[in-house]
Structure formats: structure tokens, C-alpha cells
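S.K.: Structure file entry-v4.cif (mmCIF, C-alpha atoms and all ligand atoms) is given on the next line.
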```cif
data_upload
#
loop_
_atom_site.label_atom_id
_atom_site.label_comp_id
_atom_site.auth_asym_id
_atom_site.auth_seq_id
_atom_site.Cartn_x
_atom_site.Cartn_y
_atom_site.Cartn_z
CA MET A 1 2.51 23.94 -27.38
CA ARG A 2 -0.31 22.67 -29.55
CA LEU A 3 -0.25 20.50 -32.65
CA ASN A 4 -1.92 21.99 -35.71
CA GLN A 5 -4.83 20.22 -37.37
CA SER A 6 -2.73 18.63 -40.11
CA GLN A 7 -0.38 17.17 -37.47
CA VAL A 8 -3.33 15.75 -35.52
CA ASP A 9 -4.79 14.34 -38.75
CA ALA A 10 -1.42 12.78 -39.65
CA TYR A 11 -1.20 11.09 -36.22
CA ARG A 12 -4.75 9.76 -36.52
CA SER A 13 -4.34 8.43 -40.05
CA HIS A 14 -0.74 7.09 -39.94
CA GLY A 15 -0.55 6.16 -36.26
CA PHE A 16 2.60 8.22 -35.68
CA LEU A 17 3.91 11.77 -36.00
CA LEU A 18 7.54 12.95 -36.18
CA LEU A 19 8.48 16.37 -34.78
CA GLU A 20 12.05 17.13 -35.77
CA SER A 21 14.48 18.82 -33.37
CA LEU A 22 11.88 19.37 -30.64
CA LEU A 23 14.61 19.34 -27.95
CA ASN A 24 17.91 21.20 -28.22
CA GLN A 25 21.38 19.63 -27.96
CA GLN A 26 21.95 20.71 -24.34
CA GLU A 27 18.71 19.01 -23.36
CA VAL A 28 19.70 15.86 -25.24
CA GLU A 29 23.06 15.88 -23.47
CA ALA A 30 21.36 16.27 -20.07
CA LEU A 31 19.14 13.26 -20.83
CA ARG A 32 22.13 11.20 -22.02
CA LEU A 33 23.96 11.92 -18.77
CA ALA A 34 20.86 11.03 -16.77
CA PHE A 35 20.64 7.74 -18.67
CA ALA A 36 24.35 7.00 -18.08
CA ARG A 37 23.88 7.60 -14.34
CA ASP A 38 20.70 5.57 -14.19
CA SER A 39 22.22 2.60 -16.07
CA LYS A 40 24.58 2.16 -13.12
CA VAL A 41 21.81 1.86 -10.52
CA PRO A 42 21.59 -1.89 -9.85
CA GLY A 43 18.16 -3.51 -9.95
CA PRO A 44 15.66 -5.40 -12.09
CA GLN A 45 14.87 -2.21 -14.05
CA VAL A 46 18.14 -2.71 -15.96
CA VAL A 47 17.66 -5.24 -18.77
CA THR A 48 20.80 -6.58 -20.46
CA GLU A 49 21.33 -8.07 -23.90
CA GLY A 50 21.69 -11.83 -24.29
CA ASP A 51 25.43 -11.66 -23.60
CA GLY A 52 24.69 -10.08 -20.22
CA ALA A 53 27.32 -7.35 -20.76
CA GLU A 54 25.57 -4.57 -22.68
CA VAL A 55 22.51 -2.69 -21.41
CA ARG A 56 19.43 -3.38 -23.60
CA ALA A 57 16.94 -1.18 -21.75
CA VAL A 58 16.49 0.71 -18.50
CA TYR A 59 12.99 1.22 -17.08
CA SER A 60 11.48 3.96 -14.89
CA SER A 61 14.35 6.48 -14.97
CA HIS A 62 11.75 9.19 -14.38
CA GLN A 63 11.40 7.82 -10.83
CA ARG A 64 15.10 8.52 -10.10
CA GLN A 65 16.44 11.16 -12.50
CA PRO A 66 15.03 14.72 -12.34
CA GLU A 67 15.76 15.37 -16.04
CA CYS A 68 13.57 12.40 -16.97
CA ALA A 69 10.83 13.40 -14.53
CA GLY A 70 10.90 16.93 -15.95
CA LEU A 71 10.70 15.66 -19.51
CA THR A 72 7.43 13.82 -18.77
CA ARG A 73 5.85 17.17 -17.82
CA ASP A 74 7.54 19.27 -20.49
CA PRO A 75 4.83 21.32 -22.27
CA ARG A 76 6.32 20.48 -25.70
CA ILE A 77 5.51 16.83 -25.00
CA LEU A 78 2.67 16.73 -22.47
CA GLN A 79 0.43 19.24 -24.24
CA PRO A 80 0.40 17.33 -27.57
CA VAL A 81 -0.25 14.11 -25.63
CA GLN A 82 -3.20 15.75 -23.85
CA GLN A 83 -4.48 16.96 -27.20
CA LEU A 84 -4.25 13.47 -28.72
CA LEU A 85 -5.48 11.51 -25.70
CA SER A 86 -7.04 13.33 -22.74
CA ASP A 87 -6.37 16.20 -20.32
CA ASP A 88 -5.79 13.70 -17.54
CA VAL A 89 -2.92 11.37 -18.31
CA TYR A 90 -0.13 9.74 -16.28
CA ILE A 91 3.02 7.79 -17.09
CA TYR A 92 2.17 4.12 -17.56
CA GLN A 93 5.69 3.13 -18.58
CA PHE A 94 9.03 4.89 -19.09
CA LYS A 95 12.01 3.20 -20.70
CA ILE A 96 15.22 3.92 -22.56
CA ASN A 97 16.21 1.34 -25.16
CA ALA A 98 19.99 1.50 -25.56
CA LYS A 99 20.60 -0.29 -28.92
CA ALA A 100 24.39 -0.21 -28.51
CA ALA A 101 26.77 0.24 -31.45
CA PHE A 102 28.24 -3.00 -32.85
CA GLY A 103 25.46 -5.36 -31.80
CA GLY A 104 22.46 -3.85 -29.99
CA ASP A 105 19.79 -6.48 -30.67
CA LYS A 106 16.53 -6.20 -32.62
CA TRP A 107 13.07 -5.45 -31.25
CA ALA A 108 10.69 -7.95 -32.90
CA TRP A 109 7.58 -6.86 -34.86
CA HIS A 110 4.74 -6.21 -32.41
CA GLN A 111 1.87 -4.06 -31.18
CA ASP A 112 2.42 -2.61 -27.69
CA TYR A 113 -1.21 -2.85 -26.67
CA LEU A 114 -1.17 -6.65 -26.95
CA ALA A 115 1.62 -6.74 -24.35
CA TRP A 116 -0.25 -4.44 -21.98
CA ARG A 117 -3.58 -6.20 -22.37
CA LEU A 118 -2.04 -9.61 -21.72
CA ALA A 119 0.37 -8.66 -18.95
CA ASP A 120 -1.58 -5.92 -17.16
CA GLY A 121 -5.24 -6.24 -18.16
CA LEU A 122 -5.17 -2.75 -19.64
CA PRO A 123 -8.81 -2.20 -20.70
CA ALA A 124 -8.35 -0.08 -23.86
CA PRO A 125 -5.57 1.19 -26.13
CA ARG A 126 -5.90 4.70 -24.67
CA GLN A 127 -2.19 5.46 -24.62
CA VAL A 128 0.23 7.66 -26.55
CA ASN A 129 3.91 6.68 -26.80
CA VAL A 130 6.47 9.45 -27.04
CA ALA A 131 9.85 8.38 -28.43
CA VAL A 132 12.70 10.87 -27.95
CA PHE A 133 15.84 10.38 -30.05
CA LEU A 134 18.88 10.58 -27.75
CA ASP A 135 21.11 10.00 -30.79
CA GLU A 136 20.72 10.88 -34.43
CA VAL A 137 18.59 8.13 -35.97
CA THR A 138 19.65 7.04 -39.46
CA GLU A 139 19.06 4.03 -41.70
CA PHE A 140 22.22 2.52 -40.20
CA ASN A 141 21.69 2.35 -36.45
CA GLY A 142 18.48 0.34 -36.16
CA PRO A 143 15.65 2.90 -36.52
CA VAL A 144 12.15 1.93 -35.43
CA ILE A 145 10.19 0.84 -38.51
CA PHE A 146 6.44 1.53 -38.52
CA LEU A 147 3.69 0.08 -40.71
CA PRO A 148 1.73 3.31 -41.25
CA GLY A 149 -1.99 2.92 -40.69
CA SER A 150 -1.63 -0.51 -39.07
CA HIS A 151 -3.02 0.87 -35.79
CA GLY A 152 -6.50 0.98 -37.33
CA GLY A 153 -7.23 -2.72 -37.67
CA GLY A 154 -7.21 -4.01 -34.08
CA LEU A 155 -4.78 -6.62 -32.79
CA VAL A 156 -3.16 -8.79 -35.46
CA ARG A 157 -1.97 -11.51 -33.10
CA GLU A 158 -3.58 -13.00 -29.97
CA GLY A 159 -1.71 -14.53 -27.06
CA ARG A 160 1.97 -14.82 -26.22
CA ALA A 161 4.77 -17.36 -26.61
CA ASP A 162 5.12 -20.06 -23.93
CA ALA A 163 8.76 -19.30 -23.19
CA ALA A 164 9.58 -15.76 -22.05
CA ARG A 165 12.74 -14.09 -23.32
CA SER A 166 12.94 -12.00 -20.16
CA GLU A 167 11.58 -12.22 -16.60
CA GLN A 168 11.93 -8.45 -16.13
CA HIS A 169 9.64 -7.16 -18.85
CA LEU A 170 7.66 -8.56 -21.75
CA ASP A 171 10.06 -8.60 -24.68
CA PRO A 172 8.41 -8.12 -28.12
CA ASP A 173 9.92 -11.50 -29.06
CA ASP A 174 7.15 -13.08 -26.94
CA ILE A 175 4.31 -11.40 -28.84
CA SER A 176 5.82 -10.99 -32.30
CA LEU A 177 3.78 -11.24 -35.49
CA GLY A 178 4.35 -14.39 -37.53
CA PRO A 179 5.91 -14.14 -41.02
CA GLN A 180 2.56 -14.50 -42.79
CA GLN A 181 0.89 -11.89 -40.56
CA LEU A 182 3.74 -9.45 -41.13
CA ALA A 183 3.81 -10.05 -44.90
CA GLU A 184 0.07 -9.35 -45.17
CA CYS A 185 0.35 -6.24 -43.00
CA VAL A 186 3.27 -4.86 -45.01
CA ASP A 187 1.41 -5.60 -48.22
CA ARG A 188 -1.49 -3.49 -46.96
CA HIS A 189 0.37 -0.69 -45.18
CA GLY A 190 3.99 -0.54 -46.38
CA MET A 191 6.87 0.38 -44.09
CA THR A 192 8.52 3.61 -43.04
CA SER A 193 11.15 4.63 -40.50
CA PRO A 194 11.20 8.18 -39.16
CA LYS A 195 14.78 9.47 -38.98
CA GLY A 196 16.23 12.68 -37.66
CA SER A 197 18.66 14.49 -35.44
CA ALA A 198 19.02 13.83 -31.73
CA GLY A 199 16.23 15.72 -29.98
CA SER A 200 13.61 14.74 -32.55
CA VAL A 201 10.44 13.15 -31.16
CA VAL A 202 7.95 10.59 -32.52
CA PHE A 203 4.45 10.27 -31.07
CA PHE A 204 3.05 6.80 -31.84
CA SER A 205 -0.04 4.72 -31.25
CA PRO A 206 -0.02 1.68 -28.90
CA GLU A 207 -1.68 -0.29 -31.72
CA ILE A 208 0.72 0.45 -34.58
CA VAL A 209 2.83 -2.50 -35.77
CA HIS A 210 6.52 -1.67 -35.29
CA GLY A 211 9.93 -3.24 -34.78
CA SER A 212 13.61 -2.53 -35.36
CA ALA A 213 16.68 -4.35 -36.69
CA PRO A 214 19.95 -5.03 -34.83
CA ASN A 215 22.49 -2.23 -34.79
CA MET A 216 25.65 -3.34 -36.62
CA SER A 217 26.83 0.24 -37.13
CA PRO A 218 29.44 2.06 -35.02
CA PHE A 219 26.70 4.51 -33.94
CA THR A 220 24.71 3.93 -30.77
CA ARG A 221 20.91 4.47 -30.92
CA ARG A 222 19.54 5.41 -27.51
CA LEU A 223 15.76 5.86 -27.65
CA LEU A 224 13.71 7.13 -24.72
CA ILE A 225 10.05 6.06 -24.73
CA ALA A 226 7.47 7.56 -22.36
CA THR A 227 4.02 5.96 -22.52
CA TYR A 228 1.10 8.04 -21.28
CA ASN A 229 -2.20 6.41 -20.32
CA ASP A 230 -5.64 7.96 -19.78
CA VAL A 231 -6.35 8.02 -16.01
CA THR A 232 -9.82 6.55 -16.66
CA ASN A 233 -8.17 3.46 -18.21
CA LEU A 234 -6.28 1.92 -15.28
CA PRO A 235 -4.90 -1.63 -15.62
CA ARG A 236 -6.87 -4.51 -14.11
CA PRO A 237 -4.37 -7.34 -13.80
CA ALA A 238 -5.86 -10.84 -13.64
CA GLY A 239 -3.18 -12.00 -11.20
CA GLU A 240 -0.42 -10.16 -9.41
CA ALA A 241 0.34 -6.71 -10.85
CA ARG A 242 3.73 -6.29 -12.52
CA PRO A 243 6.34 -4.26 -10.61
CA ASP A 244 6.25 -0.47 -10.42
CA TYR A 245 9.35 -0.09 -12.60
CA VAL A 246 7.55 -1.60 -15.61
CA VAL A 247 3.93 -0.51 -14.89
CA CYS A 248 3.97 2.71 -12.91
CA ARG A 249 1.65 2.99 -9.90
CA ASN A 250 1.55 6.78 -9.69
CA THR A 251 -1.65 7.58 -11.59
CA GLU A 252 -1.93 11.22 -10.49
CA PRO A 253 -2.76 13.34 -13.59
CA LEU A 254 0.31 15.20 -14.84
CA ARG A 255 0.30 18.98 -15.19
CA ALA A 256 2.59 20.68 -17.68
CA LEU A 257 5.58 22.65 -16.43
CA PRO A 258 5.40 26.38 -17.24
CA ALA A 259 8.51 26.12 -19.48
CA PRO A 260 10.85 23.51 -21.01
CA PHE A 261 12.24 21.01 -18.46
CA SER A 262 15.75 22.40 -18.90
CA GLU A 263 14.60 25.78 -17.54
CA THR A 264 12.54 24.42 -14.67
CA LEU A 265 14.62 21.57 -13.27
CA ALA A 266 14.82 23.14 -9.83
CA ALA A 267 11.02 22.86 -9.57
CA VAL A 268 10.90 19.16 -10.43
CA THR A 269 10.83 16.48 -7.78
CA VAL A 270 11.19 12.79 -8.55
N1 LIG A 301 8.48 -4.27 -22.75
C1 LIG A 301 7.11 -3.75 -22.62
C2 LIG A 301 6.48 -4.23 -21.33
O1 LIG A 301 5.48 -3.67 -20.92
C3 LIG A 301 6.25 -4.21 -23.80
C4 LIG A 301 6.77 -3.86 -25.17
O2 LIG A 301 7.46 -2.01 -26.57
C5 LIG A 301 6.67 -2.37 -25.47
C6 LIG A 301 6.03 -4.63 -26.21
O3 LIG A 301 6.95 -5.13 -20.72
C1 LIG A 302 13.07 0.00 -30.35
O1 LIG A 302 13.66 0.54 -29.38
O2 LIG A 302 13.60 -0.06 -31.46
C2 LIG A 302 11.70 -0.60 -30.18
C3 LIG A 302 10.82 0.29 -29.38
C4 LIG A 302 9.48 -0.30 -29.01
O3 LIG A 302 9.16 -1.41 -29.33
O4 LIG A 302 8.68 0.37 -28.37
MN MN A 303 6.90 -1.34 -28.74
#
```
In C-alpha cells, what does this structure look like?
Ligand code: HL5
Ligand code: SIN
Ligand code: MN
M.R.:
Amino acid sequence: MRLNQSQVDAYRSHGFLLLESLLNQQEVEALRLAFARDSKVPGPQVVTEGDGAEVRAVYSSHQRQPECAGLTRDPRILQPVQQLLSDDVYIYQFKINAKAAFGGDKWAWHQDYLAWRLADGLPAPRQVNVAVFLDEVTEFNGPVIFLPGSHGGGLVREGRADAARSEQHLDPDDISLGPQQLAECVDRHGMTSPKGSAGSVVFFSPEIVHGSAPNMSPFTRRLLIATYNDVTNLPRPAGEARPDYVVCRNTEPLRALPAPFSETLAAVTV
């Protein structure tokens, strides 16, 4: 599957691109079940909300769940990523943000590349994020809000907060834009939040400013995010590298499956 020129142009100029209903409902259901299974695997890859009860995020499910591994090589996803980034890409990070009904917390305003430069010494913003809606995303359940075009101006903020919200991953709270920075950015770029049915997919830049509000609705908002990195852009951590669940070590270039992951699961190994 290839993006047409106007889709490529839209990604380059806005910093994101929504493809509605890219996956079908059976595929969404298979990914939801994989997430439910993976949430029960104990370990540091499971991040809980402040109350410690609800799951906030689960990292690296593609290392354990064949549906998730298959998805990373699905031609409907990998081919557009190769088109936007490079023929040789690998999974830098894979996470599912749970955003539970009745209280899933916010994700503060941030640029991903700042996190990865600070924490991992990632040389350049040569990544593409792929966000897969595992639930319908509406204005009510805490959609990701983007500042379109904000990926074009470099990093807005430098450095991170002294106190970390989490020891497991770098929470956007630690690198969030200040009120003045956000106000200026919104003034320049505006705000928009792609919405759509479960199975819709958003490709977005590692430099775009984004964030999302708490979910006070009765509708959960599970969002799967696979981040692809160019294999010529490997991290160079200043100190000890972060664990494999948050910064994946397998940098072998990915090759697309011959058909959608749901038709080729038997061929996928984790
Ligand atoms: N939690 C990620 C990490 O690498 C960083 C955030 O949305 C991506 C900012 O620890
Ligand atoms: C969210 O899940 O709403 C935030 C995603 C992200 O910061 O990448
Ligand atoms: Mn982010």
C-alpha cells in the first residue's frame, strides 16, 4: 500500500495524517484481546496510573503478542512508513496507552523527540509514529490533540524536570511545554484532534507538539503507538541505555508481510 502524493504532502506540511478505518473490526478485536492478555504479564513494562490500580500504558507488546508483532510488519502500515522515512526501519518503541473510562489521566503537551534525545541520545528526529485507534476516538474520551505544523520549528523546550513522574518510562509530564510556550505555539499553529472509528490510524511526526486530556467519559480510549526509527539513526546513550521494553534493541530492518497481519499470523514469530 502506498500513500498518494496529497497524503504525503499533508503529512509533511501538518506533521500528521489520518487514515480512517485502515483496519477492520476483527483485527481491532484481535489487538484488544492481545492487549488484555499482555496487560496481565507482570513486569516493569506495565505502567499504572497514580492510584496504582488502573493500567496507564503497556510497553513492548510486540515482543510477546503475535498480533502486535504482525501489525508492525503489516503492509498497510509499514509501506507508508517506509515511504515517509526510509526503506530500512525498525521498531524503536511500541506502547499501548490505555486511557481508561472514568479517569484515565492526561498526557501533557510535549514533543516526543525531546524525550528520545535526552533519554537515549537519539541523533535525529528520523522517526514516524503510527497510532492505531483500538476504540472509537471522539471529543469525549481524551483524543490526542495536535498543533498542526508545529513539527517544523525544532524543539520548543530544552531539558527535563528534576523530579520524574515515573521510573519506568519518561512521562510527558517531565518534558511538558510551559504555559507561555504552549500559548505561543497554539497562537501560531492552532489545534486539531483527529477522530474516527476503531481501526483508524494516525501517522505523526516525532517533533509535532501533542497532548491529551483526562478521560472523564464512560468510554475507554485504548491507543496503540508504534514508533519506527531509521536504522542509520541508532541511539547513542550518554550513560546506561534504557531497558529493551522502552527502547527496543532489535534494529534488524523490517520487511512487510505479503498480506494483512490477520491473514498471515501463522507466519509471524515474536
Ligand atoms: N514515554 C516515552 C519514553 O520514551 C516518551 C514519550 O510519547 C512519548 C514522550 O519514555
Ligand atoms: C496519548 O495517548 O494520548 C498520548 C500519546 C503520546 O504522547 O504519544
Ligand atoms: Mn508523545
S.K.: Work out how far apart atom CA of Val231 of chain A and atom CA of Pro125 of chain A are and give it in Å to one decimal.
M.R.: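 Taking atom CA of Val231 of chain A and atom CA of Pro125 of chain A, their separation equals 12.2 Å.
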S.K.: Can you pull out every residue with an atom within 10 Å of ligand LIG 302 (chain A)? Use all atoms listed in the file and format it as a PDB file with C-alpha atoms, in the frame of the given file.
M.R.:
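The resulting part-v5.pdb:
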```
ATOM      1  CA  ARG A  56      19.430  -3.380 -23.600  1.00  0.00           C
ATOM      2  CA  ALA A  57      16.940  -1.180 -21.750  1.00  0.00           C
ATOM      3  CA  LYS A  95      12.010   3.200 -20.700  1.00  0.00           C
ATOM      4  CA  ILE A  96      15.220   3.920 -22.560  1.00  0.00           C
ATOM      5  CA  ASN A  97      16.210   1.340 -25.160  1.00  0.00           C
ATOM      6  CA  ALA A  98      19.990   1.500 -25.560  1.00  0.00           C
ATOM      7  CA  LYS A  99      20.600  -0.290 -28.920  1.00  0.00           C
ATOM      8  CA  GLY A 104      22.460  -3.850 -29.990  1.00  0.00           C
ATOM      9  CA  ASP A 105      19.790  -6.480 -30.670  1.00  0.00           C
ATOM     10  CA  LYS A 106      16.530  -6.200 -32.620  1.00  0.00           C
ATOM     11  CA  TRP A 107      13.070  -5.450 -31.250  1.00  0.00           C
ATOM     12  CA  ALA A 108      10.690  -7.950 -32.900  1.00  0.00           C
ATOM     13  CA  TRP A 109       7.580  -6.860 -34.860  1.00  0.00           C
ATOM     14  CA  HIS A 110       4.740  -6.210 -32.410  1.00  0.00           C
ATOM     15  CA  GLN A 111       1.870  -4.060 -31.180  1.00  0.00           C
ATOM     16  CA  ASP A 112       2.420  -2.610 -27.690  1.00  0.00           C
ATOM     17  CA  ASN A 129       3.910   6.680 -26.800  1.00  0.00           C
ATOM     18  CA  VAL A 130       6.470   9.450 -27.040  1.00  0.00           C
ATOM     19  CA  ALA A 131       9.850   8.380 -28.430  1.00  0.00           C
ATOM     20  CA  ASN A 141      21.690   2.350 -36.450  1.00  0.00           C
ATOM     21  CA  GLY A 142      18.480   0.340 -36.160  1.00  0.00           C
ATOM     22  CA  PRO A 143      15.650   2.900 -36.520  1.00  0.00           C
ATOM     23  CA  VAL A 144      12.150   1.930 -35.430  1.00  0.00           C
ATOM     24  CA  ILE A 145      10.190   0.840 -38.510  1.00  0.00           C
ATOM     25  CA  ASP A 171      10.060  -8.600 -24.680  1.00  0.00           C
ATOM     26  CA  PRO A 172       8.410  -8.120 -28.120  1.00  0.00           C
ATOM     27  CA  PHE A 204       3.050   6.800 -31.840  1.00  0.00           C
ATOM     28  CA  PRO A 206      -0.020   1.680 -28.900  1.00  0.00           C
ATOM     29  CA  VAL A 209       2.830  -2.500 -35.770  1.00  0.00           C
ATOM     30  CA  HIS A 210       6.520  -1.670 -35.290  1.00  0.00           C
ATOM     31  CA  GLY A 211       9.930  -3.240 -34.780  1.00  0.00           C
ATOM     32  CA  SER A 212      13.610  -2.530 -35.360  1.00  0.00           C
ATOM     33  CA  ALA A 213      16.680  -4.350 -36.690  1.00  0.00           C
ATOM     34  CA  PRO A 214      19.950  -5.030 -34.830  1.00  0.00           C
ATOM     35  CA  ASN A 215      22.490  -2.230 -34.790  1.00  0.00           C
ATOM     36  CA  ARG A 221      20.910   4.470 -30.920  1.00  0.00           C
ATOM     37  CA  ARG A 222      19.540   5.410 -27.510  1.00  0.00           C
ATOM     38  CA  LEU A 223      15.760   5.860 -27.650  1.00  0.00           C
ATOM     39  CA  LEU A 224      13.710   7.130 -24.720  1.00  0.00           C
ATOM     40  CA  ILE A 225      10.050   6.060 -24.730  1.00  0.00           C
ATOM     41  CA  ALA A 226       7.470   7.560 -22.360  1.00  0.00           C
ATOM     42  CA  THR A 227       4.020   5.960 -22.520  1.00  0.00           C
TER      43      THR A 227
END
```
S.K.: Residues within 8 Å of ligand LIG 301 (chain A), counting only C-alpha atoms and all ligand atoms: report them as a list in words.
M.R.: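 The residues near ligand LIG 301 (chain A) are Gln93, His110, Gln111, Asp112, Tyr113, Leu114, Ala115, Trp116, Ala119, Gln168, His169, Leu170, Asp171, Pro172, Ile175, Val246 and Val247 of chain A.
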S.K.: Report the distance between atom CA of Asn233 of chain A and atom CA of Leu17 of chain A in Å, rounded to one decimal place.
M.R.: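 The value is 23.1 Å.
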S.K.: Can you tell me how far atom CA of Ser176 of chain A sits from atom CA of Gly154 of chain A, in Å to one decimal?
M.R.: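 That distance, rounded to one decimal, is 14.9 Å.
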S.K.: Using only C-alpha atoms, which of A:Arg32, A:Arg2, A:Arg73, A:Arg160 sits nearest Pro260 of chain A?
M.R.: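 Smallest distance to Pro260 of chain A is found for A:Arg73.
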S.K.: Between A:Ala36, A:Val137, A:Asp173, A:Val28, which one has atoms that come closest to ligand MN 303 (chain A), using all atoms listed in the file?
M.R.: A:Asp173
S.K.: Which is closest to ligand MN 303 (chain A) among A:Val128, A:Arg249, A:Gln180, A:Gly43, if we use all atoms listed in the file?
M.R.: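 Of the candidates, the smallest distance to ligand MN 303 (chain A) is held by A:Val128.
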S.K.: Pick out the closest residue to Val47 of chain A from this set: A:Tyr245, A:Phe261, A:Phe219, A:Phe203. Count only C-alpha atoms.
M.R.: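 Result for the nearest residue to Val47 of chain A: A:Tyr245.
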S.K.: Tell me which of A:Ile208, A:Leu85, A:Ala238, A:Ile91 sits closest to ligand MN 303 (chain A), counting all atoms listed in the file.
M.R.: A:Ile208
S.K.: Between A:Gly178, A:Pro75, A:Pro253, A:Gly152, which residue has the minimum interatomic distance to Tyr228 of chain A, considering all atoms listed in the file?
M.R.: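 Going through A:Gly178, A:Pro75, A:Pro253, A:Gly152 one by one, the smallest distance to Tyr228 of chain A is for A:Pro253.
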S.K.: Fewer than 5 positions away in the same chain doesn't count, so skip those; otherwise give me all residues within 9 Å of Leu254 of chain A, counting only C-alpha atoms, as a PyMOL selection string.
M.R.: chain A and resi 72-73+78+87-91
S.K.: Keeping only C-alpha atoms, write the selected residues to a file as a PDB file, in the frame of the given file.
M.R.:
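Dumped everything to out-v2.pdb:
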```pdb
ATOM      1  CA  THR A  72       7.430  13.820 -18.770  1.00  0.00           C
ATOM      2  CA  ARG A  73       5.850  17.170 -17.820  1.00  0.00           C
ATOM      3  CA  LEU A  78       2.670  16.730 -22.470  1.00  0.00           C
ATOM      4  CA  ASP A  87      -6.370  16.200 -20.320  1.00  0.00           C
ATOM      5  CA  ASP A  88      -5.790  13.700 -17.540  1.00  0.00           C
ATOM      6  CA  VAL A  89      -2.920  11.370 -18.310  1.00  0.00           C
ATOM      7  CA  TYR A  90      -0.130   9.740 -16.280  1.00  0.00           C
ATOM      8  CA  ILE A  91       3.020   7.790 -17.090  1.00  0.00           C
TER       9      ILE A  91
END
```
S.K.: May I have the residues at most 10 Å from (11.2, 6.6, -12.9) in the file's coordinates, counting all atoms listed in the file, as a PyMOL selection string?
M.R.: chain A and resi 38+45+58-66+68-69+91+93-95+244-246+248+270
S.K.: Pull C-alpha atoms from the residues just selected and write them as a PDB file, in the frame of the given file.
M.R.:
```pdb
ATOM      1  CA  ASP A  38      20.700   5.570 -14.190  1.00  0.00           C
ATOM      2  CA  GLN A  45      14.870  -2.210 -14.050  1.00  0.00           C
ATOM      3  CA  VAL A  58      16.490   0.710 -18.500  1.00  0.00           C
ATOM      4  CA  TYR A  59      12.990   1.220 -17.080  1.00  0.00           C
ATOM      5  CA  SER A  60      11.480   3.960 -14.890  1.00  0.00           C
ATOM      6  CA  SER A  61      14.350   6.480 -14.970  1.00  0.00           C
ATOM      7  CA  HIS A  62      11.750   9.190 -14.380  1.00  0.00           C
ATOM      8  CA  GLN A  63      11.400   7.820 -10.830  1.00  0.00           C
ATOM      9  CA  ARG A  64      15.100   8.520 -10.100  1.00  0.00           C
ATOM     10  CA  GLN A  65      16.440  11.160 -12.500  1.00  0.00           C
ATOM     11  CA  PRO A  66      15.030  14.720 -12.340  1.00  0.00           C
ATOM     12  CA  CYS A  68      13.570  12.400 -16.970  1.00  0.00           C
ATOM     13  CA  ALA A  69      10.830  13.400 -14.530  1.00  0.00           C
ATOM     14  CA  ILE A  91       3.020   7.790 -17.090  1.00  0.00           C
ATOM     15  CA  GLN A  93       5.690   3.130 -18.580  1.00  0.00           C
ATOM     16  CA  PHE A  94       9.030   4.890 -19.090  1.00  0.00           C
ATOM     17  CA  LYS A  95      12.010   3.200 -20.700  1.00  0.00           C
ATOM     18  CA  ASP A 244       6.250  -0.470 -10.420  1.00  0.00           C
ATOM     19  CA  TYR A 245       9.350  -0.090 -12.600  1.00  0.00           C
ATOM     20  CA  VAL A 246       7.550  -1.600 -15.610  1.00  0.00           C
ATOM     21  CA  CYS A 248       3.970   2.710 -12.910  1.00  0.00           C
ATOM     22  CA  VAL A 270      11.190  12.790  -8.550  1.00  0.00           C
TER      23      VAL A 270
END
```
